[in-house]
>>> print(open('query-v7.cif').read())   # mmCIF, C-alpha atoms, pLDDT in the B column; chains and numbers go by the auth columns
data_entry
#
loop_
_atom_site.group_PDB
_atom_site.id
_atom_site.type_symbol
_atom_site.label_atom_id
_atom_site.label_comp_id
_atom_site.label_asym_id
_atom_site.label_seq_id
_atom_site.Cartn_x
_atom_site.Cartn_y
_atom_site.Cartn_z
_atom_site.B_iso_or_equiv
_atom_site.auth_seq_id
_atom_site.auth_asym_id
ATOM 1 C CA MET A 1 16.917 4.912 -8.958 67.00 1 W
ATOM 2 C CA ARG A 2 16.914 5.873 -12.603 75.00 2 W
ATOM 3 C CA ARG A 3 13.869 6.855 -14.610 76.00 3 W
ATOM 4 C CA LYS A 4 13.479 7.286 -18.322 85.00 4 W
ATOM 5 C CA LEU A 5 10.596 7.669 -20.716 90.00 5 W
ATOM 6 C CA LYS A 6 9.835 4.634 -22.833 88.00 6 W
ATOM 7 C CA PRO A 7 7.247 4.384 -25.608 90.00 7 W
ATOM 8 C CA LEU A 8 4.388 2.048 -24.695 83.00 8 W
ATOM 9 C CA VAL A 9 5.120 -0.188 -27.698 86.00 9 W
ATOM 10 C CA GLU A 10 8.545 -0.927 -26.132 91.00 10 W
ATOM 11 C CA VAL A 11 7.184 -1.843 -22.687 89.00 11 W
ATOM 12 C CA GLU A 12 6.980 -5.619 -22.415 89.00 12 W
ATOM 13 C CA ARG A 13 3.643 -7.218 -21.447 90.00 13 W
ATOM 14 C CA TRP A 14 1.677 -3.925 -21.441 91.00 14 W
ATOM 15 C CA GLN A 15 -0.718 -2.939 -24.231 90.00 15 W
ATOM 16 C CA MET A 16 -3.345 -0.417 -25.200 89.00 16 W
ATOM 17 C CA ARG A 17 -6.664 -2.206 -25.693 85.00 17 W
ATOM 18 C CA ASP A 18 -10.297 -1.307 -25.142 85.00 18 W
ATOM 19 C CA GLY A 19 -9.250 2.264 -24.422 84.00 19 W
ATOM 20 C CA MET A 20 -7.003 1.264 -21.508 91.00 20 W
ATOM 21 C CA ILE A 21 -3.342 0.558 -20.920 94.00 21 W
ATOM 22 C CA SER A 22 -3.241 -2.839 -19.202 93.00 22 W
ATOM 23 C CA HIS A 23 -0.901 -5.680 -18.321 92.00 23 W
ATOM 24 C CA ASP A 24 -1.243 -8.737 -20.586 91.00 24 W
ATOM 25 C CA ASP A 25 -2.149 -10.984 -17.624 89.00 25 W
ATOM 26 C CA GLY A 26 -4.538 -8.517 -15.995 88.00 26 W
ATOM 27 C CA LEU A 27 -2.107 -7.839 -13.131 90.00 27 W
ATOM 28 C CA HIS A 28 -1.056 -4.681 -11.284 91.00 28 W
ATOM 29 C CA PHE A 29 -3.304 -1.896 -12.592 93.00 29 W
ATOM 30 C CA SER A 30 -4.741 -0.332 -15.718 94.00 30 W
ATOM 31 C CA ILE A 31 -4.705 3.268 -16.878 94.00 31 W
ATOM 32 C CA LEU A 32 -7.961 4.540 -18.281 92.00 32 W
ATOM 33 C CA GLY A 33 -9.137 7.933 -19.456 89.00 33 W
ATOM 34 C CA LEU A 34 -12.333 9.515 -18.205 87.00 34 W
ATOM 35 C CA GLU A 35 -14.477 12.354 -19.466 88.00 35 W
ATOM 36 C CA VAL A 36 -16.041 14.010 -16.435 86.00 36 W
ATOM 37 C CA GLU A 37 -18.974 16.416 -16.182 91.00 37 W
ATOM 38 C CA ALA A 38 -19.887 18.008 -12.859 87.00 38 W
ATOM 39 C CA SER A 39 -22.031 21.092 -12.351 88.00 39 W
ATOM 40 C CA ASN A 40 -20.736 21.768 -8.834 90.00 40 W
ATOM 41 C CA ARG A 41 -16.998 22.114 -9.591 85.00 41 W
ATOM 42 C CA GLU A 42 -14.829 25.070 -10.613 88.00 42 W
ATOM 43 C CA VAL A 43 -14.704 23.560 -14.121 90.00 43 W
ATOM 44 C CA ASP A 44 -17.823 21.802 -15.358 91.00 44 W
ATOM 45 C CA ARG A 45 -16.112 19.376 -17.785 92.00 45 W
ATOM 46 C CA TRP A 46 -12.661 17.794 -18.071 89.00 46 W
ATOM 47 C CA SER A 47 -10.681 14.707 -19.124 89.00 47 W
ATOM 48 C CA GLN A 48 -8.214 12.879 -16.926 89.00 48 W
ATOM 49 C CA PRO A 49 -6.247 9.633 -16.648 91.00 49 W
ATOM 50 C CA MET A 50 -7.117 7.278 -13.779 92.00 50 W
ATOM 51 C CA VAL A 51 -5.211 4.375 -12.218 92.00 51 W
ATOM 52 C CA ALA A 52 -7.484 1.348 -11.731 92.00 52 W
ATOM 53 C CA PRO A 53 -5.844 -1.275 -9.480 92.00 53 W
ATOM 54 C CA ARG A 54 -6.444 -4.943 -10.238 89.00 54 W
ATOM 55 C CA GLY A 55 -7.571 -6.705 -7.100 91.00 55 W
ATOM 56 C CA ARG A 56 -7.974 -5.620 -3.510 95.00 56 W
ATOM 57 C CA GLY A 57 -4.826 -4.551 -1.727 95.00 57 W
ATOM 58 C CA ILE A 58 -3.775 -5.370 1.821 97.00 58 W
ATOM 59 C CA ALA A 59 -2.034 -2.931 4.140 97.00 59 W
ATOM 60 C CA ALA A 60 -1.224 -4.438 7.534 97.00 60 W
ATOM 61 C CA LEU A 61 0.679 -3.136 10.499 97.00 61 W
ATOM 62 C CA VAL A 62 2.012 -5.844 12.798 97.00 62 W
ATOM 63 C CA GLY A 63 2.853 -5.094 16.398 96.00 63 W
ATOM 64 C CA ARG A 64 4.486 -6.823 19.360 97.00 64 W
ATOM 65 C CA HIS A 65 5.703 -5.863 22.798 96.00 65 W
ATOM 66 C CA LEU A 66 9.374 -5.101 23.317 97.00 66 W
ATOM 67 C CA ASP A 67 10.420 -4.383 26.919 95.00 67 W
ATOM 68 C CA ASP A 68 6.723 -4.282 27.900 95.00 68 W
ATOM 69 C CA THR A 69 6.033 -1.498 25.368 95.00 69 W
ATOM 70 C CA LEU A 70 3.966 -1.919 22.225 95.00 70 W
ATOM 71 C CA HIS A 71 5.962 -1.471 19.030 96.00 71 W
ATOM 72 C CA VAL A 72 4.870 -1.735 15.397 97.00 72 W
ATOM 73 C CA LEU A 73 7.028 -2.996 12.551 98.00 73 W
ATOM 74 C CA VAL A 74 7.300 -0.432 9.764 97.00 74 W
ATOM 75 C CA ASN A 75 8.838 -0.951 6.359 96.00 75 W
ATOM 76 C CA LEU A 76 11.094 1.521 4.559 92.00 76 W
ATOM 77 C CA ARG A 77 9.332 1.648 1.217 90.00 77 W
ATOM 78 C CA MET A 78 10.194 3.266 -2.079 84.00 78 W
ATOM 79 C CA GLU A 79 7.142 4.394 -4.041 78.00 79 W
ATOM 80 C CA ALA A 80 6.618 6.486 -7.128 71.00 80 W
ATOM 81 C CA GLY A 81 5.882 10.060 -6.168 67.00 81 W
ATOM 82 C CA ALA A 82 7.464 9.882 -2.709 66.00 82 W
ATOM 83 C CA PHE A 83 8.977 13.263 -1.894 70.00 83 W
ATOM 84 C CA ASP A 84 12.161 11.890 -0.305 70.00 84 W
ATOM 85 C CA LEU A 85 12.328 8.566 -2.194 74.00 85 W
ATOM 86 C CA LEU A 86 11.699 6.449 0.947 86.00 86 W
ATOM 87 C CA GLU A 87 8.843 6.629 3.434 91.00 87 W
ATOM 88 C CA LEU A 88 7.824 4.589 6.456 94.00 88 W
ATOM 89 C CA ALA A 89 5.067 2.191 5.430 96.00 89 W
ATOM 90 C CA ALA A 90 2.932 -0.617 6.816 97.00 90 W
ATOM 91 C CA THR A 91 4.641 -3.901 7.675 98.00 91 W
ATOM 92 C CA VAL A 92 2.991 -5.444 4.608 97.00 92 W
ATOM 93 C CA HIS A 93 1.401 -3.648 1.659 96.00 93 W
ATOM 94 C CA PHE A 94 0.618 -5.591 -1.508 95.00 94 W
ATOM 95 C CA CYS A 95 -2.071 -6.938 -3.805 95.00 95 W
ATOM 96 C CA PRO A 96 -2.372 -10.721 -3.229 94.00 96 W
ATOM 97 C CA ASP A 97 -3.777 -11.296 -6.735 92.00 97 W
ATOM 98 C CA ASN A 98 -0.386 -10.357 -8.229 92.00 98 W
ATOM 99 C CA TYR A 99 1.236 -13.322 -6.439 92.00 99 W
ATOM 100 C CA LYS A 100 -1.111 -16.128 -7.509 88.00 100 W
ATOM 101 C CA GLY A 101 -1.101 -18.559 -10.407 82.00 101 W
ATOM 102 C CA PRO A 102 1.213 -18.923 -13.381 83.00 102 W
ATOM 103 C CA SER A 103 1.466 -15.140 -13.887 82.00 103 W
ATOM 104 C CA ALA A 104 2.697 -14.474 -10.339 85.00 104 W
ATOM 105 C CA VAL A 105 5.204 -11.635 -10.137 86.00 105 W
ATOM 106 C CA GLY A 106 7.322 -13.620 -7.671 89.00 106 W
ATOM 107 C CA PRO A 107 7.035 -14.662 -4.056 93.00 107 W
ATOM 108 C CA PRO A 108 4.769 -12.561 -1.814 94.00 108 W
ATOM 109 C CA PRO A 109 6.495 -9.842 0.207 95.00 109 W
ATOM 110 C CA ARG A 110 8.093 -10.511 3.575 96.00 110 W
ATOM 111 C CA PHE A 111 5.556 -10.936 6.398 97.00 111 W
ATOM 112 C CA ALA A 112 2.629 -11.622 4.009 97.00 112 W
ATOM 113 C CA ASP A 113 2.387 -15.055 5.639 96.00 113 W
ATOM 114 C CA VAL A 114 2.106 -13.466 9.103 97.00 114 W
ATOM 115 C CA VAL A 115 -0.970 -11.575 7.917 96.00 115 W
ATOM 116 C CA ARG A 116 -2.407 -14.526 5.980 95.00 116 W
ATOM 117 C CA ASP A 117 -1.957 -16.970 8.859 96.00 117 W
ATOM 118 C CA ALA A 118 -2.992 -14.638 11.705 97.00 118 W
ATOM 119 C CA ARG A 119 -5.267 -16.268 14.256 97.00 119 W
ATOM 120 C CA PRO A 120 -8.516 -14.422 15.062 97.00 120 W
ATOM 121 C CA GLU A 121 -7.259 -13.421 18.512 96.00 121 W
ATOM 122 C CA GLN A 122 -4.228 -11.714 16.920 97.00 122 W
ATOM 123 C CA VAL A 123 -6.325 -9.485 14.645 96.00 123 W
ATOM 124 C CA ARG A 124 -7.260 -6.231 16.372 95.00 124 W
ATOM 125 C CA PHE A 125 -8.640 -4.331 13.376 95.00 125 W
ATOM 126 C CA ASP A 126 -9.802 -5.524 9.949 96.00 126 W
ATOM 127 C CA CYS A 127 -11.660 -3.213 7.585 95.00 127 W
ATOM 128 C CA VAL A 128 -11.986 -2.776 3.814 96.00 128 W
ATOM 129 C CA HIS A 129 -11.600 0.857 2.826 93.00 129 W
ATOM 130 C CA SER A 130 -12.497 2.415 -0.504 91.00 130 W
ATOM 131 C CA GLU A 131 -9.575 4.585 -1.551 84.00 131 W
ATOM 132 C CA GLU A 132 -10.579 7.954 -2.898 73.00 132 W
ATOM 133 C CA GLY A 133 -8.588 10.394 -4.931 71.00 133 W
ATOM 134 C CA GLY A 134 -8.473 12.417 -8.076 71.00 134 W
ATOM 135 C CA ARG A 135 -6.417 9.820 -9.942 84.00 135 W
ATOM 136 C CA ILE A 136 -7.555 6.511 -8.381 87.00 136 W
ATOM 137 C CA PHE A 137 -10.476 4.515 -9.801 89.00 137 W
ATOM 138 C CA GLN A 138 -12.414 1.987 -7.682 90.00 138 W
ATOM 139 C CA ALA A 139 -9.531 0.975 -5.425 92.00 139 W
ATOM 140 C CA GLN A 140 -10.078 -0.977 -2.228 94.00 140 W
ATOM 141 C CA THR A 141 -7.594 -1.827 0.491 95.00 141 W
ATOM 142 C CA ARG A 142 -8.051 -4.214 3.386 96.00 142 W
ATOM 143 C CA TYR A 143 -6.487 -2.463 6.380 97.00 143 W
ATOM 144 C CA MET A 144 -5.396 -4.694 9.255 97.00 144 W
ATOM 145 C CA LEU A 145 -3.745 -4.290 12.629 96.00 145 W
ATOM 146 C CA LEU A 146 -2.489 -7.376 14.385 96.00 146 W
ATOM 147 C CA ILE A 147 -0.248 -8.542 17.202 96.00 147 W
ATOM 148 C CA ASP A 148 2.315 -11.306 16.734 97.00 148 W
ATOM 149 C CA GLU A 149 4.525 -11.705 19.781 97.00 149 W
ATOM 150 C CA SER A 150 6.528 -14.413 17.987 96.00 150 W
ATOM 151 C CA LEU A 151 8.172 -11.974 15.548 97.00 151 W
ATOM 152 C CA PRO A 152 11.902 -11.478 16.189 96.00 152 W
ATOM 153 C CA ALA A 153 12.877 -8.532 18.379 97.00 153 W
ATOM 154 C CA GLU A 154 15.539 -7.568 15.860 97.00 154 W
ATOM 155 C CA ALA A 155 13.972 -5.963 12.790 97.00 155 W
ATOM 156 C CA PRO A 156 15.205 -7.326 9.465 97.00 156 W
ATOM 157 C CA PRO A 157 16.946 -5.017 6.968 96.00 157 W
ATOM 158 C CA GLY A 158 14.535 -2.435 5.579 95.00 158 W
ATOM 159 C CA TYR A 159 12.274 -2.612 8.645 97.00 159 W
ATOM 160 C CA LEU A 160 12.158 -0.802 11.969 97.00 160 W
ATOM 161 C CA TRP A 161 10.395 -1.413 15.282 98.00 161 W
ATOM 162 C CA ILE A 162 8.871 1.873 16.456 97.00 162 W
ATOM 163 C CA THR A 163 6.384 2.794 19.150 95.00 163 W
ATOM 164 C CA PRO A 164 3.008 4.186 18.061 94.00 164 W
ATOM 165 C CA ARG A 165 3.888 7.454 19.830 93.00 165 W
ATOM 166 C CA GLN A 166 7.161 7.767 17.878 94.00 166 W
ATOM 167 C CA LEU A 167 5.350 7.024 14.626 93.00 167 W
ATOM 168 C CA ALA A 168 2.651 9.601 15.384 92.00 168 W
ATOM 169 C CA SER A 169 5.282 12.232 16.188 92.00 169 W
ATOM 170 C CA LEU A 170 6.730 11.904 12.676 92.00 170 W
ATOM 171 C CA VAL A 171 3.425 12.767 10.980 88.00 171 W
ATOM 172 C CA ARG A 172 3.754 16.471 11.789 86.00 172 W
ATOM 173 C CA PHE A 173 6.948 16.742 9.725 86.00 173 W
ATOM 174 C CA GLY A 174 5.282 15.469 6.529 81.00 174 W
ATOM 175 C CA ASN A 175 6.689 13.189 3.829 84.00 175 W
ATOM 176 C CA HIS A 176 7.981 10.582 6.294 89.00 176 W
ATOM 177 C CA ILE A 177 4.984 8.226 6.514 92.00 177 W
ATOM 178 C CA ASN A 178 3.044 7.031 3.467 91.00 178 W
ATOM 179 C CA VAL A 179 -0.725 7.375 3.174 89.00 179 W
ATOM 180 C CA GLU A 180 -1.545 3.748 4.025 92.00 180 W
ATOM 181 C CA ALA A 181 0.583 3.859 7.173 94.00 181 W
ATOM 182 C CA ARG A 182 -1.082 7.141 8.176 93.00 182 W
ATOM 183 C CA SER A 183 -4.494 5.496 7.762 92.00 183 W
ATOM 184 C CA LEU A 184 -3.378 2.618 9.979 95.00 184 W
ATOM 185 C CA LEU A 185 -1.893 5.051 12.478 92.00 185 W
ATOM 186 C CA ALA A 186 -5.360 6.583 12.901 90.00 186 W
ATOM 187 C CA CYS A 187 -6.604 3.136 14.015 90.00 187 W
ATOM 188 C CA LEU A 188 -3.739 2.214 16.348 83.00 188 W
ATOM 189 C CA GLY A 189 -5.962 2.507 19.429 78.00 189 W
ATOM 190 C CA PHE A 190 -7.339 -0.921 18.466 70.00 190 W
ATOM 191 C CA LEU A 191 -3.933 -2.523 19.167 66.00 191 W
ATOM 192 C CA THR A 192 -4.044 -1.990 22.927 61.00 192 W
#
>>> encode(input="query-v7.cif", output="structure tokens")
Amino acid sequence: MRRKLKPLVEVERWQMRDGMISHDDGLHFSILGLEVEASNREVDRWSQPMVAPRGRGIAALVGRHLDDTLHVLVNLRMEAGAFDLLELAATVHFCPDNYKGPSAVGPPPRFADVVRDARPEQVRFDCVHSEEGGRIFQAQTRYMLLIDESLPAEAPPGYLWITPRQLASLVRFGNHINVEARSLLACLGFLT
């Protein structure tokens, strides 16, 4: 992966308008600047950039039984800021709004249809969570756990079947499991 700085005026389909950096079609996210005042912090006033996602995200972990043992399908995912470039992530993690209409960024990610078409009896956990953080502004993610015994036993490239216990054991080493997958891991008891 190569990175290089590029002036905003050279980035296609992104503009500064209304005090924010945004995509022309309202997709992905915007960057906005905030002036903050708080009397109960170590500094009582500061300015900072914030990332404001466009649309509610979905992070879903799909499980199935292999040899009578529950496994979950994790995705090897590359994300900006990842310490080791790749981390284990939820089976599906995306913002559906980016894949609709004439401005769609392409086809939805692999297994998005499994989540979209899940029958009620397959869904074990379904909750909208407000993401908090010093650089995130009004983000929401729909976290889901589901079982689909019809998924192939052989994981496709970039994916791995792993038991919940194996996944949990990796947390203690740090930088192996992304934040969304760790949130789902905390809810894995609902899969049984």
>>> residues_around(input="query-v7.cif", residues="segment 127-144 of chain W", least_positions_apart="2", cutoff="12 Å", atoms="only C-alpha atoms", output="short mmCIF file (atom, residue, chain, number, x, y, z; two decimals) with C-alpha atoms, in the coordinates of the input")
data_model
loop_
_atom_site.label_atom_id
_atom_site.label_comp_id
_atom_site.auth_asym_id
_atom_site.auth_seq_id
_atom_site.Cartn_x
_atom_site.Cartn_y
_atom_site.Cartn_z
CA HIS W 28 -1.06 -4.68 -11.28
CA PHE W 29 -3.30 -1.90 -12.59
CA SER W 30 -4.74 -0.33 -15.72
CA ILE W 31 -4.70 3.27 -16.88
CA LEU W 32 -7.96 4.54 -18.28
CA GLY W 33 -9.14 7.93 -19.46
CA LEU W 34 -12.33 9.52 -18.20
CA VAL W 36 -16.04 14.01 -16.43
CA SER W 47 -10.68 14.71 -19.12
CA GLN W 48 -8.21 12.88 -16.93
CA PRO W 49 -6.25 9.63 -16.65
CA MET W 50 -7.12 7.28 -13.78
CA VAL W 51 -5.21 4.38 -12.22
CA ALA W 52 -7.48 1.35 -11.73
CA PRO W 53 -5.84 -1.27 -9.48
CA ARG W 54 -6.44 -4.94 -10.24
CA GLY W 55 -7.57 -6.70 -7.10
CA ARG W 56 -7.97 -5.62 -3.51
CA GLY W 57 -4.83 -4.55 -1.73
CA ILE W 58 -3.78 -5.37 1.82
CA ALA W 59 -2.03 -2.93 4.14
CA ALA W 60 -1.22 -4.44 7.53
CA LEU W 61 0.68 -3.14 10.50
CA VAL W 62 2.01 -5.84 12.80
CA GLY W 63 2.85 -5.09 16.40
CA ALA W 90 2.93 -0.62 6.82
CA THR W 91 4.64 -3.90 7.68
CA VAL W 92 2.99 -5.44 4.61
CA HIS W 93 1.40 -3.65 1.66
CA PHE W 94 0.62 -5.59 -1.51
CA CYS W 95 -2.07 -6.94 -3.80
CA PRO W 96 -2.37 -10.72 -3.23
CA ALA W 112 2.63 -11.62 4.01
CA VAL W 114 2.11 -13.47 9.10
CA VAL W 115 -0.97 -11.58 7.92
CA ARG W 116 -2.41 -14.53 5.98
CA ALA W 118 -2.99 -14.64 11.70
CA PRO W 120 -8.52 -14.42 15.06
CA GLN W 122 -4.23 -11.71 16.92
CA VAL W 123 -6.32 -9.48 14.64
CA ARG W 124 -7.26 -6.23 16.37
CA PHE W 125 -8.64 -4.33 13.38
CA LEU W 146 -2.49 -7.38 14.38
CA ILE W 147 -0.25 -8.54 17.20
CA VAL W 179 -0.72 7.38 3.17
CA GLU W 180 -1.54 3.75 4.03
CA ALA W 181 0.58 3.86 7.17
CA ARG W 182 -1.08 7.14 8.18
CA SER W 183 -4.49 5.50 7.76
CA LEU W 184 -3.38 2.62 9.98
CA LEU W 185 -1.89 5.05 12.48
CA ALA W 186 -5.36 6.58 12.90
CA CYS W 187 -6.60 3.14 14.02
CA LEU W 188 -3.74 2.21 16.35
CA PHE W 190 -7.34 -0.92 18.47
CA LEU W 191 -3.93 -2.52 19.17
#
>>> residues_near_point(input="query-v7.cif", point="(11.2, -1.5, 13.0)", cutoff="7 Å", atoms="all atoms listed in the file", output="list of chain:residue names")
W:Val72, W:Leu73, W:Val74, W:Ala155, W:Tyr159, W:Leu160, W:Trp161, W:Ile162
>>> axis_aligned_box(input="query-v7.cif", around="segment 176-186 of chain W", padding_each_side="6 Å", output="AutoDock Vina command-line options")
--center_x 1.3 --center_y 6.6 --center_z 8.0 --size_x 25.3 --size_y 20.0 --size_z 21.7
>>> atom_distance(input="query-v7.cif", atom1="atom CA of Phe111 of chain W", atom2="atom CA of Asp148 of chain W")
10.8 Å
>>> atom_distance(input="query-v7.cif", atom1="atom CA of Pro164 of chain W", atom2="atom CA of Arg110 of chain W")
21.3 Å
>>> atom_distance(input="query-v7.cif", atom1="atom CA of Asp126 of chain W", atom2="atom CA of Leu76 of chain W")
22.7 Å
>>> closest_residue(input="query-v7.cif", among="W:Phe173, W:Ala153, W:Pro108, W:Ser22", to="Asp67 of chain W", atoms="only C-alpha atoms")
W:Ala153
>>> residues_around(input="query-v7.cif", residues="segment 23-27 of chain W", least_positions_apart="6", cutoff="12 Å", atoms="only C-alpha atoms", output="PyMOL selection string")
chain W and resi 8+11-17+52-56+95-105
>>> write_last_selection(input="query-v7.cif", atoms="C-alpha atoms", output="CSV table (one decimal), keeping the file's coordinate frame")
chain,number,residue,atom,x,y,z
W,8,LEU,CA,4.4,2.0,-24.7
W,11,VAL,CA,7.2,-1.8,-22.7
W,12,GLU,CA,7.0,-5.6,-22.4
W,13,ARG,CA,3.6,-7.2,-21.4
W,14,TRP,CA,1.7,-3.9,-21.4
W,15,GLN,CA,-0.7,-2.9,-24.2
W,16,MET,CA,-3.3,-0.4,-25.2
W,17,ARG,CA,-6.7,-2.2,-25.7
W,52,ALA,CA,-7.5,1.3,-11.7
W,53,PRO,CA,-5.8,-1.3,-9.5
W,54,ARG,CA,-6.4,-4.9,-10.2
W,55,GLY,CA,-7.6,-6.7,-7.1
W,56,ARG,CA,-8.0,-5.6,-3.5
W,95,CYS,CA,-2.1,-6.9,-3.8
W,96,PRO,CA,-2.4,-10.7,-3.2
W,97,ASP,CA,-3.8,-11.3,-6.7
W,98,ASN,CA,-0.4,-10.4,-8.2
W,99,TYR,CA,1.2,-13.3,-6.4
W,100,LYS,CA,-1.1,-16.1,-7.5
W,101,GLY,CA,-1.1,-18.6,-10.4
W,102,PRO,CA,1.2,-18.9,-13.4
W,103,SER,CA,1.5,-15.1,-13.9
W,104,ALA,CA,2.7,-14.5,-10.3
W,105,VAL,CA,5.2,-11.6,-10.1
>>> residues_near_point(input="query-v7.cif", point="(10.9, 4.9, -8.7)", cutoff="7 Å", atoms="only C-alpha atoms", output="MDAnalysis selection string")
chainID W and resid 1 3 78:80
>>> write_last_selection(input="query-v7.cif", atoms="C-alpha atoms", output="PDB file, in the frame of the given file")
ATOM      1  CA  MET W   1      16.917   4.912  -8.958  1.00 67.00           C
ATOM      2  CA  ARG W   3      13.869   6.855 -14.610  1.00 76.00           C
ATOM      3  CA  MET W  78      10.194   3.266  -2.079  1.00 84.00           C
ATOM      4  CA  GLU W  79       7.142   4.394  -4.041  1.00 78.00           C
ATOM      5  CA  ALA W  80       6.618   6.486  -7.128  1.00 71.00           C
TER       6      ALA W  80
END
